[in-house]
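This is work.pdb (PDB, C-alpha atoms).
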ATOM      1  CA  MET A   1    -107.511  11.583 197.083
ATOM      2  CA  SER A   2    -106.287  14.304 199.519
ATOM      3  CA  LEU A   3    -107.462  17.135 201.812
ATOM      4  CA  GLN A   4    -106.745  20.716 200.838
ATOM      5  CA  CYS A   5    -107.349  23.833 202.932
ATOM      6  CA  ARG A   6    -109.475  26.535 201.318
ATOM      7  CA  GLY A   7    -109.979  29.459 203.716
ATOM      8  CA  THR A   8    -111.688  27.983 206.785
ATOM      9  CA  PHE A   9    -112.879  24.871 204.981
ATOM     10  CA  LEU A  10    -111.285  21.515 204.236
ATOM     11  CA  GLU A  11    -112.059  20.301 200.759
ATOM     12  CA  VAL A  12    -111.691  16.706 199.516
ATOM     13  CA  VAL A  13    -109.816  16.663 196.215
ATOM     14  CA  GLU A  14    -109.735  13.536 193.999
ATOM     15  CA  HIS A  15    -106.580  13.056 191.935
ATOM     16  CA  VAL A  16    -107.110  11.608 188.449
ATOM     17  CA  ASP A  17    -104.451   9.145 187.269
ATOM     18  CA  LEU A  18    -103.976  10.329 183.714
ATOM     19  CA  THR A  19    -101.528   7.531 182.971
ATOM     20  CA  SER A  20    -104.035   4.879 184.057
ATOM     21  CA  ARG A  21    -106.822   6.576 182.114
ATOM     22  CA  SER A  22    -104.605   6.765 179.039
ATOM     23  CA  ARG A  23    -103.717   3.094 179.434
ATOM     24  CA  ARG A  24    -107.374   2.107 179.732
ATOM     25  CA  HIS A  25    -108.202   4.195 176.670
ATOM     26  CA  SER A  26    -105.388   2.504 174.732
ATOM     27  CA  GLU A  27    -106.525  -0.972 175.798
ATOM     28  CA  GLY A  28    -110.083  -0.118 174.819
ATOM     29  CA  ALA A  29    -108.918   1.032 171.403
ATOM     30  CA  GLU A  30    -106.994  -2.230 170.926
ATOM     31  CA  VAL A  31    -110.098  -4.254 171.770
ATOM     32  CA  LEU A  32    -112.122  -2.264 169.227
ATOM     33  CA  ARG A  33    -109.435  -2.775 166.589
ATOM     34  CA  ASP A  34    -109.355  -6.529 167.286
ATOM     35  CA  ARG A  35    -113.131  -6.703 166.949
ATOM     36  CA  ALA A  36    -113.009  -4.722 163.713
ATOM     37  CA  ASN A  37    -110.306  -7.013 162.314
ATOM     38  CA  GLY A  38    -112.341 -10.061 163.319
ATOM     39  CA  SER A  39    -115.417  -8.677 161.572
ATOM     40  CA  GLN A  40    -113.341  -7.934 158.494
ATOM     41  CA  ASP A  41    -111.969 -11.480 158.430
ATOM     42  CA  ARG A  42    -115.477 -12.920 158.676
ATOM     43  CA  LEU A  43    -116.650 -10.754 155.785
ATOM     44  CA  LEU A  44    -113.651 -11.733 153.697
ATOM     45  CA  GLN A  45    -114.211 -15.417 154.459
ATOM     46  CA  LYS A  46    -117.837 -15.054 153.372
ATOM     47  CA  ALA A  47    -116.590 -13.546 150.134
ATOM     48  CA  ALA A  48    -114.151 -16.431 149.723
ATOM     49  CA  ASP A  49    -117.001 -18.913 149.962
ATOM     50  CA  SER A  50    -119.260 -17.068 147.521
ATOM     51  CA  PHE A  51    -117.155 -15.988 144.560
ATOM     52  CA  ALA A  52    -114.789 -17.387 141.990
ATOM     53  CA  TRP A  53    -111.170 -16.444 142.662
ATOM     54  CA  TYR A  54    -108.503 -15.256 140.242
ATOM     55  CA  LEU A  55    -105.298 -14.730 142.168
ATOM     56  CA  ASP A  56    -101.815 -13.668 141.175
ATOM     57  CA  ALA A  57     -99.779 -14.305 144.324
ATOM     58  CA  PRO A  58     -96.656 -16.345 145.197
ATOM     59  CA  ILE A  59     -97.305 -20.056 145.634
ATOM     60  CA  SER A  60     -98.114 -21.303 149.136
ATOM     61  CA  CYS A  61     -98.018 -24.794 150.659
ATOM     62  CA  GLY A  62    -101.830 -24.690 150.625
ATOM     63  CA  SER A  63    -101.669 -24.290 146.828
ATOM     64  CA  TYR A  64     -99.990 -27.661 146.325
ATOM     65  CA  GLY A  65    -102.149 -30.048 144.340
ATOM     66  CA  HIS A  66    -104.256 -27.255 142.838
ATOM     67  CA  PRO A  67    -107.071 -27.384 141.861
ATOM     68  CA  GLU A  68    -108.275 -30.769 143.177
ATOM     69  CA  LEU A  69    -106.131 -31.350 146.254
ATOM     70  CA  CYS A  70    -105.381 -27.773 147.339
ATOM     71  CA  ALA A  71    -106.804 -25.954 150.347
ATOM     72  CA  ALA A  72    -109.486 -23.256 150.293
ATOM     73  CA  PRO A  73    -108.577 -19.916 148.634
ATOM     74  CA  CYS A  74    -106.538 -17.471 150.729
ATOM     75  CA  ILE A  75    -108.742 -14.468 151.414
ATOM     76  CA  ARG A  76    -105.735 -12.236 152.111
ATOM     77  CA  ALA A  77    -103.883 -13.205 148.924
ATOM     78  CA  PHE A  78    -106.941 -12.066 146.960
ATOM     79  CA  TYR A  79    -106.355  -8.566 148.354
ATOM     80  CA  SER A  80    -102.550  -8.886 148.095
ATOM     81  CA  LYS A  81    -102.353  -8.802 151.893
ATOM     82  CA  CYS A  82    -100.984 -12.293 152.632
ATOM     83  CA  THR A  83     -97.580 -12.054 154.311
ATOM     84  CA  LYS A  84     -97.056 -15.773 155.003
ATOM     85  CA  GLY A  85     -95.869 -16.649 151.511
ATOM     86  CA  LEU A  86     -94.924 -20.321 151.172
ATOM     87  CA  LEU A  87     -96.047 -21.016 154.760
ATOM     88  CA  CYS A  88     -99.644 -19.994 154.077
ATOM     89  CA  GLU A  89    -101.935 -23.017 154.454
ATOM     90  CA  PHE A  90    -104.489 -21.614 151.988
ATOM     91  CA  CYS A  91    -104.415 -21.682 148.201
ATOM     92  CA  HIS A  92    -102.921 -18.730 146.308
ATOM     93  CA  PHE A  93    -104.079 -19.877 142.865
ATOM     94  CA  GLY A  94    -107.245 -18.891 141.060
ATOM     95  CA  HIS A  95    -110.463 -20.894 141.509
ATOM     96  CA  SER A  96    -112.916 -20.698 138.627
ATOM     97  CA  THR A  97    -115.916 -21.801 140.686
ATOM     98  CA  SER A  98    -117.285 -20.833 144.080
ATOM     99  CA  LYS A  99    -116.889 -23.078 147.107
ATOM    100  CA  VAL A 100    -119.385 -25.953 147.083
ATOM    101  CA  LYS A 101    -121.455 -26.248 150.264
ATOM    102  CA  LEU A 102    -124.159 -28.480 151.652
ATOM    103  CA  ASN A 103    -127.523 -26.739 151.856
ATOM    104  CA  MET A 104    -129.321 -26.467 155.179
ATOM    105  CA  SER A 105    -131.243 -29.753 154.969
ATOM    106  CA  GLU A 106    -128.146 -31.627 153.781
ATOM    107  CA  ARG A 107    -126.063 -30.124 156.551
ATOM    108  CA  GLN A 108    -128.639 -31.021 159.183
ATOM    109  CA  LEU A 109    -128.732 -34.615 157.946
ATOM    110  CA  PHE A 110    -124.945 -34.827 157.811
ATOM    111  CA  GLU A 111    -124.618 -33.589 161.389
ATOM    112  CA  THR A 112    -126.943 -36.339 162.665
ATOM    113  CA  LEU A 113    -124.721 -39.097 161.268
ATOM    114  CA  GLU A 114    -122.386 -40.941 163.613
ATOM    115  CA  GLU A 115    -118.642 -40.850 163.004
ATOM    116  CA  GLY A 116    -118.438 -44.164 161.165
ATOM    117  CA  LYS A 117    -121.120 -43.154 158.672
ATOM    118  CA  VAL A 118    -119.573 -39.721 158.113
ATOM    119  CA  LEU A 119    -116.198 -41.262 157.332
ATOM    120  CA  SER A 120    -117.641 -44.092 155.243
ATOM    121  CA  LEU A 121    -119.708 -41.669 153.174
ATOM    122  CA  VAL A 122    -116.830 -39.271 152.551
ATOM    123  CA  LEU A 123    -114.401 -42.146 151.921
ATOM    124  CA  SER A 124    -116.562 -43.582 149.134
ATOM    125  CA  VAL A 125    -116.586 -40.214 147.339
ATOM    126  CA  LEU A 126    -112.856 -39.716 147.933
ATOM    127  CA  THR A 127    -112.028 -43.150 146.551
ATOM    128  CA  ASN A 128    -113.938 -42.490 143.334
ATOM    129  CA  LYS A 129    -112.289 -39.111 142.868
ATOM    130  CA  CYS A 130    -108.781 -40.371 143.607
ATOM    131  CA  GLN A 131    -109.172 -43.086 140.965
ATOM    132  CA  LYS A 132    -109.426 -40.310 138.387
ATOM    133  CA  LEU A 133    -106.082 -38.782 139.400
ATOM    134  CA  PRO A 134    -102.835 -39.580 137.548
ATOM    135  CA  VAL A 135    -101.413 -42.929 138.690
ATOM    136  CA  ILE A 136     -98.481 -41.331 140.524
ATOM    137  CA  GLN A 137    -100.830 -39.083 142.513
ATOM    138  CA  GLN A 138    -103.032 -42.071 143.336
ATOM    139  CA  ASP A 139    -100.023 -43.671 145.040
ATOM    140  CA  VAL A 140     -99.538 -40.526 147.125
ATOM    141  CA  MET A 141    -103.157 -40.599 148.286
ATOM    142  CA  ARG A 142    -103.179 -44.231 149.416
ATOM    143  CA  LEU A 143    -101.913 -43.512 152.941
ATOM    144  CA  LEU A 144    -104.669 -40.974 153.493
ATOM    145  CA  LEU A 145    -107.392 -43.285 152.283
ATOM    146  CA  ALA A 146    -105.939 -46.174 154.302
ATOM    147  CA  ALA A 147    -105.983 -44.093 157.505
ATOM    148  CA  ILE A 148    -109.675 -43.284 157.033
ATOM    149  CA  GLN A 149    -110.533 -46.862 156.068
ATOM    150  CA  SER A 150    -108.763 -48.153 159.181
ATOM    151  CA  ARG A 151    -110.883 -45.908 161.389
ATOM    152  CA  VAL A 152    -114.078 -46.962 159.583
ATOM    153  CA  SER A 153    -113.183 -50.625 160.104
ATOM    154  CA  ARG A 154    -112.597 -50.073 163.822
ATOM    155  CA  LEU A 155    -116.054 -48.500 164.008
ATOM    156  CA  GLY A 156    -117.632 -51.595 162.483
ATOM    157  CA  ASP A 157    -118.040 -50.548 158.841
ATOM    158  CA  PRO A 158    -121.507 -49.036 159.402
ATOM    159  CA  ALA A 159    -123.945 -49.371 156.516
ATOM    160  CA  ILE A 160    -125.394 -46.247 154.911
ATOM    161  CA  SER A 161    -128.873 -46.380 153.422
ATOM    162  CA  ARG A 162    -129.472 -45.560 149.769
ATOM    163  CA  LYS A 163    -131.841 -42.803 150.877
ATOM    164  CA  THR A 164    -129.109 -41.108 152.942
ATOM    165  CA  ARG A 165    -126.656 -41.302 150.061
ATOM    166  CA  SER A 166    -129.202 -39.857 147.634
ATOM    167  CA  ARG A 167    -129.870 -36.920 149.950
ATOM    168  CA  LEU A 168    -126.161 -36.073 150.120
ATOM    169  CA  LEU A 169    -125.257 -36.199 146.427
ATOM    170  CA  THR A 170    -123.772 -32.697 146.697
ATOM    171  CA  LEU A 171    -120.686 -34.312 148.239
ATOM    172  CA  ARG A 172    -119.806 -35.598 144.772
ATOM    173  CA  LYS A 173    -119.253 -31.986 143.680
ATOM    174  CA  PHE A 174    -116.665 -31.374 146.411
ATOM    175  CA  SER A 175    -113.002 -31.350 145.438
ATOM    176  CA  ILE A 176    -110.669 -33.825 147.138
ATOM    177  CA  GLY A 177    -109.226 -31.037 149.264
ATOM    178  CA  ARG A 178    -112.721 -29.879 150.233
ATOM    179  CA  LEU A 179    -113.695 -33.427 151.308
ATOM    180  CA  PHE A 180    -110.691 -33.636 153.614
ATOM    181  CA  GLU A 181    -111.611 -30.208 154.958
ATOM    182  CA  LEU A 182    -115.085 -31.556 155.698
ATOM    183  CA  ILE A 183    -113.593 -34.403 157.741
ATOM    184  CA  GLN A 184    -111.499 -31.976 159.765
ATOM    185  CA  GLN A 185    -114.491 -29.722 160.427
ATOM    186  CA  SER A 186    -116.934 -32.485 161.405
ATOM    187  CA  HIS A 187    -117.631 -32.577 165.134
ATOM    188  CA  GLN A 188    -118.343 -36.319 164.918
ATOM    189  CA  VAL A 189    -114.809 -37.242 163.835
ATOM    190  CA  ASP A 190    -112.254 -38.260 166.454
ATOM    191  CA  ALA A 191    -109.639 -35.571 167.178
ATOM    192  CA  SER A 192    -106.701 -37.951 166.753
ATOM    193  CA  LEU A 193    -107.869 -38.900 163.253
ATOM    194  CA  LYS A 194    -108.231 -35.221 162.348
ATOM    195  CA  LEU A 195    -104.611 -34.639 163.333
ATOM    196  CA  GLU A 196    -103.468 -37.691 161.369
ATOM    197  CA  VAL A 197    -105.410 -36.620 158.286
ATOM    198  CA  ARG A 198    -104.024 -33.095 158.537
ATOM    199  CA  SER A 199    -100.445 -34.368 158.737
ATOM    200  CA  LEU A 200    -100.868 -36.883 155.912
ATOM    201  CA  LEU A 201    -102.640 -34.320 153.737
ATOM    202  CA  THR A 202     -99.816 -31.821 154.162
ATOM    203  CA  SER A 203     -97.310 -34.514 153.167
ATOM    204  CA  ALA A 204     -99.437 -35.593 150.204
ATOM    205  CA  ARG A 205     -99.713 -32.047 148.892
ATOM    206  CA  ALA A 206     -95.961 -31.558 149.184
ATOM    207  CA  ALA A 207     -95.335 -34.867 147.386
ATOM    208  CA  VAL A 208     -97.703 -33.929 144.559
ATOM    209  CA  GLN A 209     -95.943 -30.575 144.216
ATOM    210  CA  ARG A 210     -92.538 -32.285 143.971
ATOM    211  CA  LEU A 211     -93.887 -34.627 141.317
ATOM    212  CA  GLU A 212     -95.280 -31.706 139.321
ATOM    213  CA  MET A 213     -92.005 -29.793 139.561
ATOM    214  CA  HIS A 214     -90.066 -32.878 138.480
ATOM    215  CA  GLY A 215     -92.424 -33.361 135.541
ATOM    216  CA  ASN A 216     -92.038 -29.728 134.484
ATOM    217  CA  ALA A 217     -88.260 -29.995 134.742
ATOM    218  CA  CYS A 218     -88.265 -33.063 132.500
ATOM    219  CA  ASP A 219     -90.394 -31.237 129.938
TER     220      ASP A 219
END

Rewrite the coordinates I just gave you, this time as structure tokens.
Amino acid sequence: MSLQCRGTFLEVVEHVDLTSRSRRHSEGAEVLRDRANGSQDRLLQKAADSFAWYLDAPISCGSYGHPELCAAPCIRAFYSKCTKGLLCEFCHFGHSTSKVKLNMSERQLFETLEEGKVLSLVLSVLTNKCQKLPVIQQDVMRLLLAAIQSRVSRLGDPAISRKTRSRLLTLRKFSIGRLFELIQQSHQVDASLKLEVRSLLTSARAAVQRLEMHGNACD
């Protein structure tokens, strides 16, 4: 702001910082783009949860163990937009069925359970499913199941009523990978166990992939 003389009058003149205005405009545009990208990701994730997926993209580490042990489908690979390749933690293979979810009443019941009951319930389903895997893959999964069982034992092996189990039968339709995802998403589960499960699951998927590659090479 400055004073300028105009005839016999002094006039106050305000100087506009065009650089600052341009910078603010640019920052505002970036915020809008970020919001738009976030909205797009949420819409894509909703699509990932609702539809069957048929992908033709390079394999990712999240694809290991497909279809039972793999991670959720990669929403960007579906649109040929995934740039992470092997490092992507989501599955790049096709899924013939949509993602199984708990309905509202099931979810509300599940969220009221204490940590020990959540883990015990999921562990019982996991154990049954893992027994149906090839023997070599069962060996790979033992460390994961043992880690969960150890935590359940420390929490006192809480009993789960038959009524509660019957109201959560949808869990039996979850894949092994989806059940581990449920553990990692549950607010009741201890953070240290989530990290341990994540690490062991990544190792298990990689081991299963090596076994599959070895088997294919032998064939």

Picked residues, the PyMOL selection byres ((chain A and resi 142-155) around 8), expected as a PDB file with C-alpha atoms, keeping the file's coordinate frame:
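Ended up saving to out33.pdb:
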ATOM      1  CA  GLY A 116    -118.438 -44.164 161.165  1.00  0.00           C
ATOM      2  CA  LEU A 119    -116.198 -41.262 157.332  1.00  0.00           C
ATOM      3  CA  SER A 120    -117.641 -44.092 155.243  1.00  0.00           C
ATOM      4  CA  LEU A 123    -114.401 -42.146 151.921  1.00  0.00           C
ATOM      5  CA  LEU A 126    -112.856 -39.716 147.933  1.00  0.00           C
ATOM      6  CA  THR A 127    -112.028 -43.150 146.551  1.00  0.00           C
ATOM      7  CA  GLN A 138    -103.032 -42.071 143.336  1.00  0.00           C
ATOM      8  CA  ASP A 139    -100.023 -43.671 145.040  1.00  0.00           C
ATOM      9  CA  VAL A 140     -99.538 -40.526 147.125  1.00  0.00           C
ATOM     10  CA  MET A 141    -103.157 -40.599 148.286  1.00  0.00           C
ATOM     11  CA  GLY A 156    -117.632 -51.595 162.483  1.00  0.00           C
ATOM     12  CA  ASP A 157    -118.040 -50.548 158.841  1.00  0.00           C
ATOM     13  CA  PRO A 158    -121.507 -49.036 159.402  1.00  0.00           C
ATOM     14  CA  LEU A 193    -107.869 -38.900 163.253  1.00  0.00           C
ATOM     15  CA  GLU A 196    -103.468 -37.691 161.369  1.00  0.00           C
ATOM     16  CA  VAL A 197    -105.410 -36.620 158.286  1.00  0.00           C
ATOM     17  CA  LEU A 200    -100.868 -36.883 155.912  1.00  0.00           C
ATOM     18  CA  LEU A 201    -102.640 -34.320 153.737  1.00  0.00           C
TER      19      LEU A 201
END

Range 58-74 of chain A environment, 7 Å, all atoms listed in the file, sequence neighbours closer than 2 positions dropped, as a list of chain:residue names: A:Ala48, A:Arg76, A:Ala77, A:Phe78, A:Gly85, A:Leu86, A:Leu87, A:Cys88, A:Glu89, A:Phe90, A:Cys91, A:His92, A:Phe93, A:Ser175, A:Ile176, A:Gly177, A:Arg205, A:Ala206, A:Val208, A:Gln209

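Straight-line separation from CA of Phe180 in chain A to CA of Phe110 in chain A: 14.9 Å.
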
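Once the PyMOL selection byres ((chain A and resi 101-107) around 7) is applied to this file, the selection holds Lys99, Val100, Gln108, Leu109, Phe110, Glu111, Arg167, Leu168 and Thr170 of chain A.
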
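The spacing separating CA of Thr112 in chain A from CA of Gln188 in chain A amounts to 8.9 Å.
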
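Put simply, CA of Ala159 in chain A is 16.9 Å away from CA of Val189 in chain A.
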
Contacts of Lys194 in chain A at 9 Å or less, counting only C-alpha atoms, minus same-chain residues fewer than 6 places along, as a ChimeraX atom specification? /A:183-185
